[in-house]
Amino acid sequence: MKAALVGTDGALLYEARRATDRERGPDAIVETILGFAADLRAYGVEHLGESAVAAGVAVPGIVDAERGIALYAANLGWRDLPLRDLLAARLGGVPVALGHDVRTGGLAEGRIGAGRGSDRFFFVPLGTGIAGAIGIDGTIEAGAHGYAGEIGHVVVRPDGPVCGCGQTGCMETLASAAAVTRAWAAASGDPEADAADCAKAVASGDPRALAVWADAVDALAAGLVTALTLLDPRRLIIGGGLAEAGETLFTPLRAAVEERVTFQKLPEIVPAALGDTAGCLGAGLLAWDLLSTEVSA
C-alpha cells in the first residue's frame with residue numbers, strides 16, 4: 001500500500017508505504033487502509049501544520065466511483081465494500097473520492113506526468129495484468145459501466161493461453177510482466193527467473209530471451225494497434241514493471257507498432273514518468289477535484 005499527502009499543485013509532500021499482507025483476509029486489509037489514512041492525516045497535522053481537507057483512495061478491481069463502492073477485487077477478497085463511507089467516518093467526515101487504480105494512475109500521468117500537454121492519451125501499465133486509462137482533456141473516461149480501457153482482455157491470439165477472464169489469447173496472457181516471467185522461467189529452466197531477468201538476458205543477446213521478448217512485444221503491439229485504431233490517441237504511455245526495461249522494450253515496440261499500422265496515425269510512444277507513485281498522486285488529484293466540484297456546486 002502506498003499513501004501520500006499531496007498539495008494543490010500535485011506536489012508530493014510526504015509518502016509512506018505499508019505491506020498489504022493480503023493473506024490476513026479482506027477485513028484486516030480494510031482496517032489497515034483506514035488506520036493508514038488516519039495516521040497520514042495525523043502526520044500532516046504534526047509536521048505540516050494542517051490537516052488534509054479531503055482524501056482520495058485508488059483500489060484494484062471493479063469500482064463504482066459514483067457510489068464510492070469497491071464492487072469486486074479478486075486479489076483482496078472484496079465484494080460491495082463501501083470504502084468511501086468507511087474512510088469518511090474514520091477521517092471525521094472529510095470528503096473522500098474513490099477511484100480505480102489504473103485510471104487514477106492515468107489521471108496523474110495525464111496531468112503531471114508523461115501525458116502532460118496532450119489532449120488525448122492512452123496509459124497502459126504492464127504489470128501482473130494489463131489495463132488501460134483513456135485520457136481526454138485532463139479527465140479519464142471510465143465508460144458507461146466503469147470498464148473502459150480494459151485492453152488486457154483484447155484477444156490478440158485466439159489460439160493462445162486461457163485467461164482468468166474466460167477467454168483465450170488475451171493480450172495480458174502473453175505480454176504482461178507476469179506472462180514474460182512465466183515464459184522466461186520455462187525457456188531458461190530457472191523457476192525463479194522473472195521478467196527483469198529476461199530483459200537483462202535480452203540486452204546480453206541470449207537467443208532464448210530474444211525469442212521470449214519478441215513474442216511478448218508482438219502480442220503487445222497487436223493489442224496496442226487495436227487500441228489506437230479505436231481511440232486515436234496523440235500519445236501512448238507505457239508504464240509498469242516491463243517499462244523499466246527502457247529501450248530494451250521501447251525500441252522493438254515502436255518498430256512493431258509502426259509495422260502494423262496502415263491508415264492509422266502513429267502516436268508518440270513514451271515511458272510513464274511517475275513510476276509507482278502515480279496512484280498516490282492520482283488519488284490526491286481525485287481528492288482535489290472532489291473539493292473543486294463541491295465549491296463550484
# chains A, B, ... in the order shown; residues from 1 in each chain; ligands from 1
$ residues_around --residues "A:Gly7" --least-positions-apart "6" --cutoff "9 Å" --atoms "only C-alpha atoms" --output "short mmCIF file (atom, residue, chain, number, x, y, z; two decimals) with N, CA and C atoms, in the first residue's frame"
data_model
loop_
_atom_site.label_atom_id
_atom_site.label_comp_id
_atom_site.auth_asym_id
_atom_site.auth_seq_id
_atom_site.Cartn_x
_atom_site.Cartn_y
_atom_site.Cartn_z
N LEU A 13 4.07 15.81 -0.94
CA LEU A 13 4.56 16.43 0.29
C LEU A 13 5.13 15.41 1.27
N GLY A 284 -4.62 11.82 -4.88
CA GLY A 284 -4.62 13.20 -4.40
C GLY A 284 -5.35 14.13 -5.35
N LEU A 285 -5.13 13.93 -6.64
CA LEU A 285 -5.83 14.75 -7.63
C LEU A 285 -7.34 14.51 -7.59
N TRP A 288 -8.63 16.56 -4.72
CA TRP A 288 -8.71 17.98 -5.05
C TRP A 288 -9.85 18.26 -6.03
#
$ residues_around --residues "A:Ala195" --least-positions-apart "6" --cutoff "6 Å" --atoms "only C-alpha atoms" --output "number ranges by chain"
A: 177, 180-181
$ residues_around --residues "A:Gly35" --least-positions-apart "4" --cutoff "12 Å" --atoms "only C-alpha atoms" --output "count of residues only"
16
$ closest_residue --among "A:Ala19, A:Ala283, A:Ala133, A:Ala199" --to "A:Gly110" --atoms "only C-alpha atoms"
A:Ala133
$ select_by_dssp --residues "stretch 88-213 of chain A" --states "helix (DSSP H, G or I)" --output "PyMOL selection string"
chain A and resi 88-90+101-112+151-153+172-175+177-188+195-203+207-213
$ write_last_selection --atoms "C-alpha atoms" --output "short mmCIF file (atom, residue, chain, number, x, y, z; two decimals), in the first residue's frame"
data_model
loop_
_atom_site.label_atom_id
_atom_site.label_comp_id
_atom_site.auth_asym_id
_atom_site.auth_seq_id
_atom_site.Cartn_x
_atom_site.Cartn_y
_atom_site.Cartn_z
CA ALA A 88 -15.04 9.32 5.66
CA ALA A 89 -16.18 8.02 9.04
CA ARG A 90 -12.61 7.26 10.15
CA ASP A 101 -6.08 2.13 -9.52
CA VAL A 102 -5.11 2.19 -13.20
CA ARG A 103 -7.46 5.03 -14.14
CA THR A 104 -6.23 7.01 -11.13
CA GLY A 105 -2.61 6.43 -12.13
CA GLY A 106 -3.54 7.51 -15.64
CA LEU A 107 -5.07 10.71 -14.30
CA ALA A 108 -1.75 11.60 -12.64
CA GLU A 109 0.30 10.68 -15.72
CA GLY A 110 -2.01 12.79 -17.86
CA ARG A 111 -1.94 15.93 -15.73
CA ILE A 112 1.54 15.96 -14.20
CA ILE A 151 -7.14 -3.57 -23.11
CA GLY A 152 -5.53 -6.56 -21.40
CA HIS A 153 -8.60 -8.56 -22.39
CA GLU A 172 -2.27 -9.91 -20.80
CA THR A 173 -1.71 -13.69 -21.01
CA LEU A 174 1.10 -13.01 -23.48
CA ALA A 175 2.51 -9.54 -22.89
CA ALA A 177 5.18 -8.83 -16.84
CA ALA A 178 3.67 -11.97 -15.34
CA ALA A 179 3.40 -13.58 -18.79
CA VAL A 180 7.03 -12.78 -19.62
CA THR A 181 8.07 -14.16 -16.23
CA ARG A 182 6.26 -17.44 -16.94
CA ALA A 183 7.68 -17.74 -20.45
CA TRP A 184 11.23 -16.92 -19.40
CA ALA A 185 11.15 -19.27 -16.40
CA ALA A 186 10.16 -22.07 -18.79
CA ALA A 187 12.65 -21.13 -21.54
CA SER A 188 15.59 -20.63 -19.18
CA ALA A 195 10.67 -10.61 -16.46
CA ALA A 196 13.50 -8.36 -15.26
CA ASP A 197 15.93 -11.27 -15.67
CA CYS A 198 14.58 -11.83 -19.16
CA ALA A 199 15.18 -8.17 -20.06
CA LYS A 200 18.79 -8.45 -18.86
CA ALA A 201 19.27 -11.60 -20.92
CA VAL A 202 17.81 -9.82 -23.96
CA ALA A 203 20.32 -6.99 -23.50
CA PRO A 207 18.72 -16.11 -28.12
CA ARG A 208 16.18 -17.79 -25.80
CA ALA A 209 15.41 -14.46 -24.15
CA LEU A 210 15.23 -12.70 -27.51
CA ALA A 211 12.59 -15.21 -28.64
CA VAL A 212 10.50 -14.78 -25.46
CA TRP A 213 10.78 -10.99 -25.65
#
$ residues_around --residues "stretch 250-265 of chain A" --least-positions-apart "2" --cutoff "9 Å" --atoms "only C-alpha atoms" --output "ChimeraX atom specification"
/A:214,217-218,220-222,224-225,228-229,232-234,238,243,245-248,267-271
$ atom_distance --atom1 "atom CA of A:Ser51" --atom2 "atom CA of A:Thr32"
19.8 Å
$ residues_around --residues "A:Gly135" --least-positions-apart "3" --cutoff "8 Å" --atoms "only C-alpha atoms" --output "PyMOL selection string"
chain A and resi 106-107+110+119-123+138-141
$ select_by_dssp --residues "stretch 12-218 of chain A" --states "strand (DSSP E or B)" --output "ChimeraX atom specification"
/A:12-17,55-59,62-64,69-73,78-81,96-100,120-126,130,133-136,139-141,155,162,168,170
$ closest_residue --among "A:Gly99, A:Gly205, A:Gly115, A:Pro26" --to "A:Ala73" --atoms "only C-alpha atoms"
A:Pro26
$ closest_residue --among "A:Leu231, A:Phe36, A:Arg22, A:Leu48" --to "A:Asn75" --atoms "only C-alpha atoms"
A:Arg22
$ atom_distance --atom1 "atom CA of A:Ala131" --atom2 "atom CA of A:Ala148"
9.2 Å
$ residues_around --residues "A:Glu66" --least-positions-apart "3" --cutoff "10 Å" --atoms "only C-alpha atoms" --output "list in words"
Val63, Ile69, Arg84, Ala97, Leu98, Gly99 and Gly146 of chain A
$ decode --residues "stretch 171-182 of chain A" --atoms "all heavy atoms" --output "PDB file, in the first residue's frame"
ATOM      1  N   MET A 171      -4.417 -10.333 -24.461  1.00  0.00           N
ATOM      2  CA  MET A 171      -3.100  -9.710 -24.506  1.00  0.00           C
ATOM      3  C   MET A 171      -2.334  -9.898 -23.206  1.00  0.00           C
ATOM      4  O   MET A 171      -1.132 -10.133 -23.215  1.00  0.00           O
ATOM      5  CB  MET A 171      -3.224  -8.223 -24.844  1.00  0.00           C
ATOM      6  CG  MET A 171      -1.874  -7.542 -25.047  1.00  0.00           C
ATOM      7  SD  MET A 171      -2.018  -5.864 -25.680  1.00  0.00           S
ATOM      8  CE  MET A 171      -2.485  -4.984 -24.209  1.00  0.00           C
ATOM      9  N   GLU A 172      -3.013  -9.833 -22.061  1.00  0.00           N
ATOM     10  CA  GLU A 172      -2.271  -9.908 -20.801  1.00  0.00           C
ATOM     11  C   GLU A 172      -1.733 -11.313 -20.516  1.00  0.00           C
ATOM     12  O   GLU A 172      -0.827 -11.465 -19.710  1.00  0.00           O
ATOM     13  CB  GLU A 172      -3.094  -9.383 -19.633  1.00  0.00           C
ATOM     14  CG  GLU A 172      -4.178 -10.258 -19.092  1.00  0.00           C
ATOM     15  CD  GLU A 172      -4.761  -9.679 -17.788  1.00  0.00           C
ATOM     16  OE1 GLU A 172      -4.895  -8.437 -17.652  1.00  0.00           O
ATOM     17  OE2 GLU A 172      -5.070 -10.479 -16.909  1.00  0.00           O
ATOM     18  N   THR A 173      -2.269 -12.339 -21.189  1.00  0.00           N
ATOM     19  CA  THR A 173      -1.714 -13.690 -21.008  1.00  0.00           C
ATOM     20  C   THR A 173      -0.405 -13.866 -21.762  1.00  0.00           C
ATOM     21  O   THR A 173       0.304 -14.851 -21.557  1.00  0.00           O
ATOM     22  CB  THR A 173      -2.698 -14.780 -21.495  1.00  0.00           C
ATOM     23  OG1 THR A 173      -2.837 -14.705 -22.924  1.00  0.00           O
ATOM     24  CG2 THR A 173      -4.052 -14.643 -20.831  1.00  0.00           C
ATOM     25  N   LEU A 174      -0.075 -12.894 -22.613  1.00  0.00           N
ATOM     26  CA  LEU A 174       1.099 -13.010 -23.480  1.00  0.00           C
ATOM     27  C   LEU A 174       2.108 -11.880 -23.304  1.00  0.00           C
ATOM     28  O   LEU A 174       3.298 -12.069 -23.567  1.00  0.00           O
ATOM     29  CB  LEU A 174       0.652 -13.046 -24.952  1.00  0.00           C
ATOM     30  CG  LEU A 174      -0.228 -14.240 -25.331  1.00  0.00           C
ATOM     31  CD1 LEU A 174      -1.099 -13.900 -26.522  1.00  0.00           C
ATOM     32  CD2 LEU A 174       0.643 -15.452 -25.636  1.00  0.00           C
ATOM     33  N   ALA A 175       1.637 -10.709 -22.872  1.00  0.00           N
ATOM     34  CA  ALA A 175       2.512  -9.538 -22.892  1.00  0.00           C
ATOM     35  C   ALA A 175       2.651  -8.827 -21.555  1.00  0.00           C
ATOM     36  O   ALA A 175       3.343  -7.816 -21.475  1.00  0.00           O
ATOM     37  CB  ALA A 175       2.004  -8.534 -23.938  1.00  0.00           C
ATOM     38  N   SER A 176       2.027  -9.331 -20.499  1.00  0.00           N
ATOM     39  CA  SER A 176       2.201  -8.713 -19.184  1.00  0.00           C
ATOM     40  C   SER A 176       3.547  -9.118 -18.601  1.00  0.00           C
ATOM     41  O   SER A 176       4.208 -10.047 -19.086  1.00  0.00           O
ATOM     42  CB  SER A 176       1.089  -9.160 -18.246  1.00  0.00           C
ATOM     43  OG  SER A 176       1.161 -10.565 -18.036  1.00  0.00           O
ATOM     44  N   ALA A 177       3.950  -8.440 -17.526  1.00  0.00           N
ATOM     45  CA  ALA A 177       5.184  -8.827 -16.844  1.00  0.00           C
ATOM     46  C   ALA A 177       5.070 -10.261 -16.318  1.00  0.00           C
ATOM     47  O   ALA A 177       6.031 -11.042 -16.365  1.00  0.00           O
ATOM     48  CB  ALA A 177       5.474  -7.866 -15.695  1.00  0.00           C
ATOM     49  N   ALA A 178       3.879 -10.616 -15.838  1.00  0.00           N
ATOM     50  CA  ALA A 178       3.666 -11.974 -15.336  1.00  0.00           C
ATOM     51  C   ALA A 178       3.804 -12.997 -16.454  1.00  0.00           C
ATOM     52  O   ALA A 178       4.370 -14.086 -16.256  1.00  0.00           O
ATOM     53  CB  ALA A 178       2.289 -12.080 -14.692  1.00  0.00           C
ATOM     54  N   ALA A 179       3.301 -12.663 -17.648  1.00  0.00           N
ATOM     55  CA  ALA A 179       3.403 -13.583 -18.786  1.00  0.00           C
ATOM     56  C   ALA A 179       4.851 -13.774 -19.215  1.00  0.00           C
ATOM     57  O   ALA A 179       5.288 -14.901 -19.521  1.00  0.00           O
ATOM     58  CB  ALA A 179       2.570 -13.051 -19.955  1.00  0.00           C
ATOM     59  N   VAL A 180       5.613 -12.682 -19.254  1.00  0.00           N
ATOM     60  CA  VAL A 180       7.032 -12.784 -19.624  1.00  0.00           C
ATOM     61  C   VAL A 180       7.788 -13.588 -18.571  1.00  0.00           C
ATOM     62  O   VAL A 180       8.658 -14.403 -18.895  1.00  0.00           O
ATOM     63  CB  VAL A 180       7.652 -11.376 -19.802  1.00  0.00           C
ATOM     64  CG1 VAL A 180       9.162 -11.474 -20.009  1.00  0.00           C
ATOM     65  CG2 VAL A 180       6.998 -10.662 -20.989  1.00  0.00           C
ATOM     66  N   THR A 181       7.443 -13.381 -17.307  1.00  0.00           N
ATOM     67  CA  THR A 181       8.067 -14.163 -16.232  1.00  0.00           C
ATOM     68  C   THR A 181       7.830 -15.656 -16.438  1.00  0.00           C
ATOM     69  O   THR A 181       8.763 -16.469 -16.356  1.00  0.00           O
ATOM     70  CB  THR A 181       7.514 -13.725 -14.857  1.00  0.00           C
ATOM     71  OG1 THR A 181       7.992 -12.407 -14.572  1.00  0.00           O
ATOM     72  CG2 THR A 181       7.957 -14.665 -13.756  1.00  0.00           C
ATOM     73  N   ARG A 182       6.578 -16.023 -16.714  1.00  0.00           N
ATOM     74  CA  ARG A 182       6.260 -17.444 -16.939  1.00  0.00           C
ATOM     75  C   ARG A 182       7.024 -17.998 -18.125  1.00  0.00           C
ATOM     76  O   ARG A 182       7.607 -19.092 -18.060  1.00  0.00           O
ATOM     77  CB  ARG A 182       4.757 -17.621 -17.170  1.00  0.00           C
ATOM     78  CG  ARG A 182       3.897 -17.465 -15.932  1.00  0.00           C
ATOM     79  CD  ARG A 182       2.474 -17.954 -16.192  1.00  0.00           C
ATOM     80  NE  ARG A 182       1.812 -17.180 -17.248  1.00  0.00           N
ATOM     81  CZ  ARG A 182       1.094 -16.082 -17.018  1.00  0.00           C
ATOM     82  NH1 ARG A 182       0.962 -15.618 -15.777  1.00  0.00           N
ATOM     83  NH2 ARG A 182       0.512 -15.447 -18.027  1.00  0.00           N
TER      84      ARG A 182
END
